[in-house]
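Novice: start.pdb is reproduced in full below (PDB, C-alpha atoms).
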ATOM      1  CA  ALA A   1      42.720  59.671 110.201  1.00  0.00           C
ATOM      2  CA  VAL A   2      45.573  59.786 107.690  1.00  0.00           C
ATOM      3  CA  GLU A   3      45.529  63.578 107.471  1.00  0.00           C
ATOM      4  CA  SER A   4      45.617  63.858 111.268  1.00  0.00           C
ATOM      5  CA  GLU A   5      48.586  61.481 111.464  1.00  0.00           C
ATOM      6  CA  TYR A   6      50.255  63.351 108.602  1.00  0.00           C
ATOM      7  CA  GLY A   7      49.904  66.638 110.456  1.00  0.00           C
ATOM      8  CA  LEU A   8      51.388  65.162 113.623  1.00  0.00           C
ATOM      9  CA  LEU A   9      54.442  63.983 111.694  1.00  0.00           C
ATOM     10  CA  ARG A  10      55.085  67.534 110.360  1.00  0.00           C
ATOM     11  CA  LEU A  11      55.312  66.333 106.774  1.00  0.00           C
ATOM     12  CA  PRO A  12      54.994  69.083 104.166  1.00  0.00           C
ATOM     13  CA  GLY A  13      51.920  69.581 102.037  1.00  0.00           C
ATOM     14  CA  ARG A  14      49.135  67.047 102.333  1.00  0.00           C
ATOM     15  CA  PRO A  15      48.790  63.298 101.647  1.00  0.00           C
ATOM     16  CA  TYR A  16      47.302  62.136  98.364  1.00  0.00           C
ATOM     17  CA  LEU A  17      44.469  59.667  98.880  1.00  0.00           C
ATOM     18  CA  SER A  18      42.477  57.881  96.207  1.00  0.00           C
ATOM     19  CA  CYS A  19      40.591  54.630  95.705  1.00  0.00           C
ATOM     20  CA  ARG A  20      38.817  52.474  93.156  1.00  0.00           C
ATOM     21  CA  MET A  21      36.061  49.899  93.589  1.00  0.00           C
ATOM     22  CA  THR A  22      36.807  46.483  92.107  1.00  0.00           C
ATOM     23  CA  GLN A  23      33.978  44.281  93.436  1.00  0.00           C
ATOM     24  CA  LEU A  24      30.465  44.961  94.677  1.00  0.00           C
ATOM     25  CA  TYR A  25      28.487  42.553  96.860  1.00  0.00           C
ATOM     26  CA  ASP A  26      25.250  42.649  98.819  1.00  0.00           C
ATOM     27  CA  GLU A  27      27.365  42.972 101.981  1.00  0.00           C
ATOM     28  CA  GLY A  28      29.489  45.831 100.662  1.00  0.00           C
ATOM     29  CA  ALA A  29      32.231  46.762  98.208  1.00  0.00           C
ATOM     30  CA  VAL A  30      35.947  46.106  97.790  1.00  0.00           C
ATOM     31  CA  LEU A  31      37.949  49.335  97.663  1.00  0.00           C
ATOM     32  CA  TYR A  32      41.582  49.531  96.613  1.00  0.00           C
ATOM     33  CA  MET A  33      43.091  52.450  98.524  1.00  0.00           C
ATOM     34  CA  TYR A  34      46.065  54.488  97.307  1.00  0.00           C
ATOM     35  CA  LEU A  35      48.260  56.678  99.507  1.00  0.00           C
ATOM     36  CA  ALA A  36      51.138  58.918  98.419  1.00  0.00           C
ATOM     37  CA  VAL A  37      53.100  61.195 100.738  1.00  0.00           C
ATOM     38  CA  CYS A  38      56.100  63.519 100.736  1.00  0.00           C
ATOM     39  CA  THR A  39      58.771  62.174 103.074  1.00  0.00           C
ATOM     40  CA  ALA A  40      60.777  65.407 103.061  1.00  0.00           C
ATOM     41  CA  GLY A  41      64.085  63.896 101.970  1.00  0.00           C
ATOM     42  CA  LEU A  42      64.253  61.359 104.791  1.00  0.00           C
ATOM     43  CA  PRO A  43      66.573  58.354 104.439  1.00  0.00           C
ATOM     44  CA  PRO A  44      64.745  55.408 102.826  1.00  0.00           C
ATOM     45  CA  GLU A  45      64.406  53.312 105.989  1.00  0.00           C
ATOM     46  CA  GLN A  46      62.991  56.194 108.012  1.00  0.00           C
ATOM     47  CA  ALA A  47      60.693  57.246 105.177  1.00  0.00           C
ATOM     48  CA  LEU A  48      59.344  53.682 105.062  1.00  0.00           C
ATOM     49  CA  LYS A  49      58.605  53.767 108.793  1.00  0.00           C
ATOM     50  CA  VAL A  50      56.685  57.021 108.375  1.00  0.00           C
ATOM     51  CA  PHE A  51      54.694  55.555 105.480  1.00  0.00           C
ATOM     52  CA  GLU A  52      53.920  52.403 107.468  1.00  0.00           C
ATOM     53  CA  ARG A  53      52.637  54.531 110.350  1.00  0.00           C
ATOM     54  CA  LEU A  54      50.283  56.375 107.988  1.00  0.00           C
ATOM     55  CA  GLU A  55      49.196  53.140 106.338  1.00  0.00           C
ATOM     56  CA  HIS A  56      48.503  51.586 109.732  1.00  0.00           C
ATOM     57  CA  ALA A  57      46.345  54.601 110.680  1.00  0.00           C
ATOM     58  CA  ALA A  58      44.355  54.129 107.458  1.00  0.00           C
ATOM     59  CA  ARG A  59      43.783  50.423 108.175  1.00  0.00           C
ATOM     60  CA  GLN A  60      42.594  51.153 111.698  1.00  0.00           C
ATOM     61  CA  ALA A  61      40.187  53.803 110.410  1.00  0.00           C
ATOM     62  CA  ALA A  62      38.777  51.380 107.832  1.00  0.00           C
ATOM     63  CA  MET A  63      38.200  48.738 110.481  1.00  0.00           C
ATOM     64  CA  ARG A  64      36.562  51.227 112.835  1.00  0.00           C
ATOM     65  CA  ALA A  65      34.178  52.052 109.998  1.00  0.00           C
ATOM     66  CA  GLY A  66      33.205  48.378 109.675  1.00  0.00           C
ATOM     67  CA  GLY A  67      35.668  47.298 107.003  1.00  0.00           C
ATOM     68  CA  CYS A  68      37.475  43.955 106.859  1.00  0.00           C
ATOM     69  CA  LEU A  69      41.170  43.409 107.384  1.00  0.00           C
ATOM     70  CA  SER A  70      41.626  41.805 103.982  1.00  0.00           C
ATOM     71  CA  HIS A  71      39.657  40.603 100.960  1.00  0.00           C
ATOM     72  CA  HIS A  72      41.511  38.054  98.860  1.00  0.00           C
ATOM     73  CA  HIS A  73      45.176  39.038  99.172  1.00  0.00           C
ATOM     74  CA  GLY A  74      45.561  37.607 102.651  1.00  0.00           C
ATOM     75  CA  VAL A  75      46.746  39.165 105.891  1.00  0.00           C
ATOM     76  CA  GLY A  76      50.488  38.782 105.464  1.00  0.00           C
ATOM     77  CA  LYS A  77      52.955  40.476 107.795  1.00  0.00           C
ATOM     78  CA  LEU A  78      51.890  44.128 107.729  1.00  0.00           C
ATOM     79  CA  ARG A  79      48.302  43.411 108.785  1.00  0.00           C
ATOM     80  CA  ALA A  80      49.106  40.678 111.292  1.00  0.00           C
ATOM     81  CA  ALA A  81      49.067  42.986 114.324  1.00  0.00           C
ATOM     82  CA  LEU A  82      45.400  43.767 113.636  1.00  0.00           C
ATOM     83  CA  LEU A  83      44.280  40.125 113.576  1.00  0.00           C
ATOM     84  CA  PRO A  84      43.175  40.112 117.238  1.00  0.00           C
ATOM     85  CA  LYS A  85      40.615  42.773 116.326  1.00  0.00           C
ATOM     86  CA  THR A  86      38.962  40.479 113.779  1.00  0.00           C
ATOM     87  CA  GLN A  87      39.188  36.931 115.147  1.00  0.00           C
ATOM     88  CA  ALA A  88      38.525  35.276 118.489  1.00  0.00           C
ATOM     89  CA  PRO A  89      41.496  34.249 120.688  1.00  0.00           C
ATOM     90  CA  ALA A  90      40.387  30.632 120.318  1.00  0.00           C
ATOM     91  CA  VAL A  91      40.971  30.826 116.573  1.00  0.00           C
ATOM     92  CA  GLN A  92      44.499  32.113 117.115  1.00  0.00           C
ATOM     93  CA  LYS A  93      45.248  29.310 119.571  1.00  0.00           C
ATOM     94  CA  ALA A  94      43.857  26.729 117.160  1.00  0.00           C
ATOM     95  CA  LEU A  95      46.094  28.015 114.377  1.00  0.00           C
ATOM     96  CA  GLU A  96      49.121  28.038 116.655  1.00  0.00           C
ATOM     97  CA  GLY A  97      48.334  24.452 117.665  1.00  0.00           C
ATOM     98  CA  LEU A  98      48.024  23.457 114.013  1.00  0.00           C
ATOM     99  CA  GLN A  99      51.424  24.948 113.262  1.00  0.00           C
ATOM    100  CA  ALA A 100      53.010  23.264 116.288  1.00  0.00           C
ATOM    101  CA  ALA A 101      51.702  19.889 115.122  1.00  0.00           C
ATOM    102  CA  LEU A 102      52.396  20.164 111.399  1.00  0.00           C
ATOM    103  CA  ASP A 103      55.235  22.669 111.179  1.00  0.00           C
ATOM    104  CA  PRO A 104      57.213  22.753 114.458  1.00  0.00           C
ATOM    105  CA  GLU A 105      60.252  24.289 112.754  1.00  0.00           C
ATOM    106  CA  GLY A 106      58.245  27.228 111.376  1.00  0.00           C
ATOM    107  CA  VAL A 107      59.154  26.517 107.755  1.00  0.00           C
ATOM    108  CA  LEU A 108      55.702  26.995 106.216  1.00  0.00           C
ATOM    109  CA  GLY A 109      53.635  30.143 106.113  1.00  0.00           C
ATOM    110  CA  ALA A 110      56.648  32.460 105.733  1.00  0.00           C
ATOM    111  CA  ARG A 111      55.702  34.013 109.091  1.00  0.00           C
ATOM    112  CA  ASN A 112      52.543  35.508 107.604  1.00  0.00           C
ATOM    113  CA  GLY A 113      49.157  36.099 109.206  1.00  0.00           C
ATOM    114  CA  PRO A 114      48.798  34.475 112.636  1.00  0.00           C
ATOM    115  CA  TRP A 115      52.422  33.274 112.480  1.00  0.00           C
ATOM    116  CA  ALA A 116      53.911  36.684 111.728  1.00  0.00           C
ATOM    117  CA  VAL A 117      56.610  38.368 113.756  1.00  0.00           C
ATOM    118  CA  PRO A 118      55.672  41.792 115.202  1.00  0.00           C
ATOM    119  CA  PRO A 119      55.474  44.220 112.251  1.00  0.00           C
ATOM    120  CA  ARG A 120      57.651  47.300 112.049  1.00  0.00           C
ATOM    121  CA  HIS A 121      54.731  49.736 112.302  1.00  0.00           C
ATOM    122  CA  ASP A 122      54.561  48.922 116.029  1.00  0.00           C
ATOM    123  CA  GLU A 123      57.730  51.008 116.357  1.00  0.00           C
ATOM    124  CA  GLU A 124      57.639  54.790 116.335  1.00  0.00           C
ATOM    125  CA  PRO A 125      59.376  56.232 113.252  1.00  0.00           C
ATOM    126  CA  GLU A 126      62.781  57.654 114.084  1.00  0.00           C
ATOM    127  CA  CYS A 127      62.917  60.595 111.702  1.00  0.00           C
ATOM    128  CA  ALA A 128      66.066  62.552 111.046  1.00  0.00           C
ATOM    129  CA  PRO A 129      65.976  66.357 111.215  1.00  0.00           C
ATOM    130  CA  SER A 130      65.138  68.181 108.003  1.00  0.00           C
ATOM    131  CA  GLU A 131      63.820  71.574 107.019  1.00  0.00           C
ATOM    132  CA  SER A 132      60.294  70.255 106.690  1.00  0.00           C
ATOM    133  CA  LEU A 133      60.162  67.581 109.426  1.00  0.00           C
ATOM    134  CA  GLU A 134      60.879  68.492 113.039  1.00  0.00           C
ATOM    135  CA  SER A 135      62.186  65.263 114.518  1.00  0.00           C
ATOM    136  CA  ASP A 136      62.423  66.696 118.042  1.00  0.00           C
ATOM    137  CA  ASN A 137      58.617  66.807 118.166  1.00  0.00           C
ATOM    138  CA  LEU A 138      57.922  63.276 116.932  1.00  0.00           C
ATOM    139  CA  GLU A 139      58.047  61.572 120.332  1.00  0.00           C
ATOM    140  CA  GLU A 140      55.879  64.305 121.840  1.00  0.00           C
ATOM    141  CA  ASP A 141      53.430  64.030 118.949  1.00  0.00           C
ATOM    142  CA  ALA A 142      53.336  60.249 119.263  1.00  0.00           C
ATOM    143  CA  ASN A 143      52.398  60.620 122.931  1.00  0.00           C
ATOM    144  CA  LEU A 144      49.607  63.007 122.001  1.00  0.00           C
ATOM    145  CA  ASP A 145      48.492  60.584 119.313  1.00  0.00           C
ATOM    146  CA  ARG A 146      48.295  57.697 121.789  1.00  0.00           C
ATOM    147  CA  SER A 147      46.318  59.904 124.168  1.00  0.00           C
ATOM    148  CA  ARG A 148      43.471  59.992 121.654  1.00  0.00           C
ATOM    149  CA  ASP A 149      42.558  56.516 122.874  1.00  0.00           C
ATOM    150  CA  LEU A 150      42.523  57.679 126.506  1.00  0.00           C
ATOM    151  CA  LEU A 151      41.254  61.244 126.490  1.00  0.00           C
ATOM    152  CA  ASP A 152      38.616  63.111 124.575  1.00  0.00           C
ATOM    153  CA  VAL A 153      40.305  65.398 122.043  1.00  0.00           C
ATOM    154  CA  ASP A 154      37.626  68.058 122.415  1.00  0.00           C
ATOM    155  CA  ALA A 155      38.112  68.124 126.187  1.00  0.00           C
ATOM    156  CA  MET A 156      41.862  68.514 125.756  1.00  0.00           C
ATOM    157  CA  PHE A 157      41.271  71.287 123.227  1.00  0.00           C
ATOM    158  CA  ALA A 158      38.864  73.120 125.553  1.00  0.00           C
ATOM    159  CA  ALA A 159      41.322  72.924 128.445  1.00  0.00           C
ATOM    160  CA  ALA A 160      44.120  74.229 126.234  1.00  0.00           C
ATOM    161  CA  GLN A 161      41.976  77.220 125.225  1.00  0.00           C
ATOM    162  CA  GLU A 162      41.418  78.118 128.872  1.00  0.00           C
ATOM    163  CA  LEU A 163      45.157  77.914 129.469  1.00  0.00           C
ATOM    164  CA  VAL A 164      45.863  80.245 126.565  1.00  0.00           C
ATOM    165  CA  LYS A 165      43.204  82.723 127.732  1.00  0.00           C
ATOM    166  CA  SER A 166      44.832  82.839 131.168  1.00  0.00           C
ATOM    167  CA  GLN A 167      48.076  84.188 129.735  1.00  0.00           C
ATOM    168  CA  MET A 168      48.399  87.920 130.398  1.00  0.00           C
ATOM    169  CA  SER A 169      50.494  88.586 127.308  1.00  0.00           C
ATOM    170  CA  LEU A 170      51.863  86.573 124.428  1.00  0.00           C
ATOM    171  CA  PRO A 171      54.235  87.490 121.590  1.00  0.00           C
ATOM    172  CA  ASN A 172      52.441  88.288 118.356  1.00  0.00           C
ATOM    173  CA  ASP A 173      53.934  85.240 116.633  1.00  0.00           C
ATOM    174  CA  ASP A 174      52.483  82.966 119.329  1.00  0.00           C
ATOM    175  CA  LYS A 175      49.112  84.700 119.078  1.00  0.00           C
ATOM    176  CA  LEU A 176      49.080  84.057 115.333  1.00  0.00           C
ATOM    177  CA  ARG A 177      49.976  80.393 115.800  1.00  0.00           C
ATOM    178  CA  PHE A 178      47.197  79.867 118.339  1.00  0.00           C
ATOM    179  CA  TYR A 179      44.717  81.766 116.186  1.00  0.00           C
ATOM    180  CA  ALA A 180      45.605  79.767 113.082  1.00  0.00           C
ATOM    181  CA  HIS A 181      45.275  76.384 114.774  1.00  0.00           C
ATOM    182  CA  PHE A 182      42.053  77.430 116.515  1.00  0.00           C
ATOM    183  CA  LYS A 183      40.495  78.452 113.190  1.00  0.00           C
ATOM    184  CA  GLN A 184      41.736  75.284 111.485  1.00  0.00           C
ATOM    185  CA  ALA A 185      40.363  73.159 114.328  1.00  0.00           C
ATOM    186  CA  THR A 186      36.956  74.828 114.426  1.00  0.00           C
ATOM    187  CA  SER A 187      36.368  75.938 110.825  1.00  0.00           C
ATOM    188  CA  GLY A 188      38.650  73.792 108.688  1.00  0.00           C
ATOM    189  CA  CYS A 189      40.847  75.137 105.907  1.00  0.00           C
ATOM    190  CA  ALA A 190      41.130  78.871 105.239  1.00  0.00           C
ATOM    191  CA  LEU A 191      38.426  80.089 102.892  1.00  0.00           C
ATOM    192  CA  GLY A 192      37.491  83.360 101.261  1.00  0.00           C
ATOM    193  CA  LYS A 193      39.625  86.182  99.936  1.00  0.00           C
ATOM    194  CA  ARG A 194      42.816  87.317 101.578  1.00  0.00           C
ATOM    195  CA  PRO A 195      42.289  90.639 103.409  1.00  0.00           C
ATOM    196  CA  GLY A 196      43.814  93.669 101.748  1.00  0.00           C
ATOM    197  CA  LEU A 197      46.863  95.717 102.680  1.00  0.00           C
ATOM    198  CA  LEU A 198      44.702  98.276 104.450  1.00  0.00           C
ATOM    199  CA  ASN A 199      43.783  95.646 107.046  1.00  0.00           C
ATOM    200  CA  PRO A 200      47.197  94.302 108.140  1.00  0.00           C
ATOM    201  CA  VAL A 201      45.973  92.548 111.300  1.00  0.00           C
ATOM    202  CA  ALA A 202      43.279  90.551 109.501  1.00  0.00           C
ATOM    203  CA  ARG A 203      45.742  89.867 106.687  1.00  0.00           C
ATOM    204  CA  ALA A 204      48.355  88.453 109.100  1.00  0.00           C
ATOM    205  CA  LYS A 205      45.730  86.261 110.773  1.00  0.00           C
ATOM    206  CA  TRP A 206      44.467  84.927 107.444  1.00  0.00           C
ATOM    207  CA  ASP A 207      48.013  84.221 106.236  1.00  0.00           C
ATOM    208  CA  ALA A 208      48.814  82.230 109.400  1.00  0.00           C
ATOM    209  CA  TRP A 209      45.596  80.238 109.001  1.00  0.00           C
ATOM    210  CA  ALA A 210      46.107  79.594 105.276  1.00  0.00           C
ATOM    211  CA  ALA A 211      49.674  78.395 105.957  1.00  0.00           C
ATOM    212  CA  LEU A 212      48.230  75.287 107.659  1.00  0.00           C
ATOM    213  CA  GLY A 213      46.945  74.118 104.286  1.00  0.00           C
ATOM    214  CA  MET A 214      44.836  70.946 104.466  1.00  0.00           C
ATOM    215  CA  MET A 215      45.751  69.972 108.040  1.00  0.00           C
ATOM    216  CA  GLY A 216      42.917  67.926 109.544  1.00  0.00           C
ATOM    217  CA  GLN A 217      40.811  69.438 112.318  1.00  0.00           C
ATOM    218  CA  ASP A 218      41.806  66.809 114.893  1.00  0.00           C
ATOM    219  CA  ALA A 219      45.468  67.359 114.047  1.00  0.00           C
ATOM    220  CA  ALA A 220      44.979  71.119 114.495  1.00  0.00           C
ATOM    221  CA  LYS A 221      43.398  70.565 117.912  1.00  0.00           C
ATOM    222  CA  LEU A 222      46.280  68.359 119.016  1.00  0.00           C
ATOM    223  CA  GLU A 223      48.852  70.840 117.742  1.00  0.00           C
ATOM    224  CA  TYR A 224      47.038  73.636 119.601  1.00  0.00           C
ATOM    225  CA  CYS A 225      47.304  71.516 122.765  1.00  0.00           C
ATOM    226  CA  ARG A 226      51.000  70.877 122.152  1.00  0.00           C
ATOM    227  CA  LEU A 227      51.655  74.601 121.760  1.00  0.00           C
ATOM    228  CA  ALA A 228      49.681  75.346 124.936  1.00  0.00           C
ATOM    229  CA  GLU A 229      51.780  72.835 126.906  1.00  0.00           C
ATOM    230  CA  LYS A 230      54.871  74.930 126.119  1.00  0.00           C
ATOM    231  CA  LEU A 231      53.468  78.053 127.780  1.00  0.00           C
TER     232      LEU A 231
END
Turn the structure described in the file into structure tokens.
Specialist:
Amino acid sequence: AVESEYGLLRLPGRPYLSCRMTQLYDEGAVLYMYLAVCTAGLPPEQALKVFERLEHAARQAAMRAGGCLSHHHGVGKLRAALLPKTQAPAVQKALEGLQAALDPEGVLGARNGPWAVPPRHDEEPECAPSESLESDNLEEDANLDRSRDLLDVDAMFAAAQELVKSQMSLPNDDKLRFYAHFKQATSGCALGKRPGLLNPVARAKWDAWAALGMMGQDAAKLEYCRLAEKL
């Protein structure tokens, strides 16, 4: 999930992900997750928004896999938007009623957990242009990202392939881009030896594929679809 989001944001390289297990129970384990990314020289506030978007994607993926929202550090402000996914509406109303009775001025709780204000990761990151991050594509990518909840990515990818096949002729650079993202989407990262100089076509294809690095397969499918929409 993080690698797919990372690819959509056009950040260079790949995210660094690691974890350590601190507690083990019959019900499961407690994992401390670590995430490091390159923000491509963005201003601090915009870089923070990008990081929060990636962190939010990681939390959602953990919860989809059956994980909990928090262990012992509490929910706080950053996780507050995900509370409705883990507790019944009646619990939220009960907590709001408790606050209204005991703390009508909103002094206690520091606006954490069920009393939090909407967190900043609900906003789309407004990234400035840079050599490595194409800000003009962020809104378009965000729309594609939201469509993952509405449409099947594989169906979108299949439709995009048919659109590309229907084109009578494409510039070689476009052909290489479509080839690279198709291979990344269907086979993963480029493997094997680079073709030799005596096979320039295969060499150019391999180079275009390898240039995608560790881009996730879902991200490659979505990028393929985005390229197809421009035809």
Novice: Please expand the PyMOL selection byres ((chain A and resi 33) around 8) into the concrete residues it hits in this file, giving the result as a short mmCIF file (atom, residue, chain, number, x, y, z; two decimals) with C-alpha atoms, keeping the file's coordinate frame.
Specialist:
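Result written to expr21.cif:
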data_model
loop_
_atom_site.label_atom_id
_atom_site.label_comp_id
_atom_site.auth_asym_id
_atom_site.auth_seq_id
_atom_site.Cartn_x
_atom_site.Cartn_y
_atom_site.Cartn_z
CA LEU A 17 44.47 59.67 98.88
CA SER A 18 42.48 57.88 96.21
CA CYS A 19 40.59 54.63 95.70
CA ARG A 20 38.82 52.47 93.16
CA LEU A 31 37.95 49.34 97.66
CA TYR A 32 41.58 49.53 96.61
CA TYR A 34 46.06 54.49 97.31
CA LEU A 35 48.26 56.68 99.51
#
Novice: Between A:Glu229, A:Asp26, A:Asp174, A:Glu45, single out the one closest to A:Met156, counting only C-alpha atoms.
Specialist: A:Glu229
Novice: What's the separation between atom CA of A:Ala47 and atom CA of A:Pro12, in Å to one decimal place?
Specialist: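 Going from atom CA of A:Ala47 over to atom CA of A:Pro12, I get 13.2 Å.
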Novice: Determine, counting all atoms listed in the file, which protein, DNA and RNA residues have an atom within 7 Å of an atom of stretch 194-206 of chain A; residues of the same chain fewer than 4 positions away are not included. Present the result as a VMD selection string.
Specialist: chain A and resid 176 180 210
Novice: Atoms to include: C-alpha atoms. Write the selected residues as a compact mmCIF listing (two decimals), in the frame of the given file.
Specialist:
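Result went into selection-v9.txt, see below:
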# COMPACT_ATOMS: atom_id res chain seq x y z
CA LEU A 176 49.08 84.06 115.33
CA ALA A 180 45.60 79.77 113.08
CA ALA A 210 46.11 79.59 105.28
Novice: Restricting the calculation to all atoms listed in the file: of A:Leu78, A:Ala100, A:Ala219, A:Leu54, which residue gets closest to A:Leu8?
Specialist: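 Result for the nearest residue to A:Leu8: A:Ala219.
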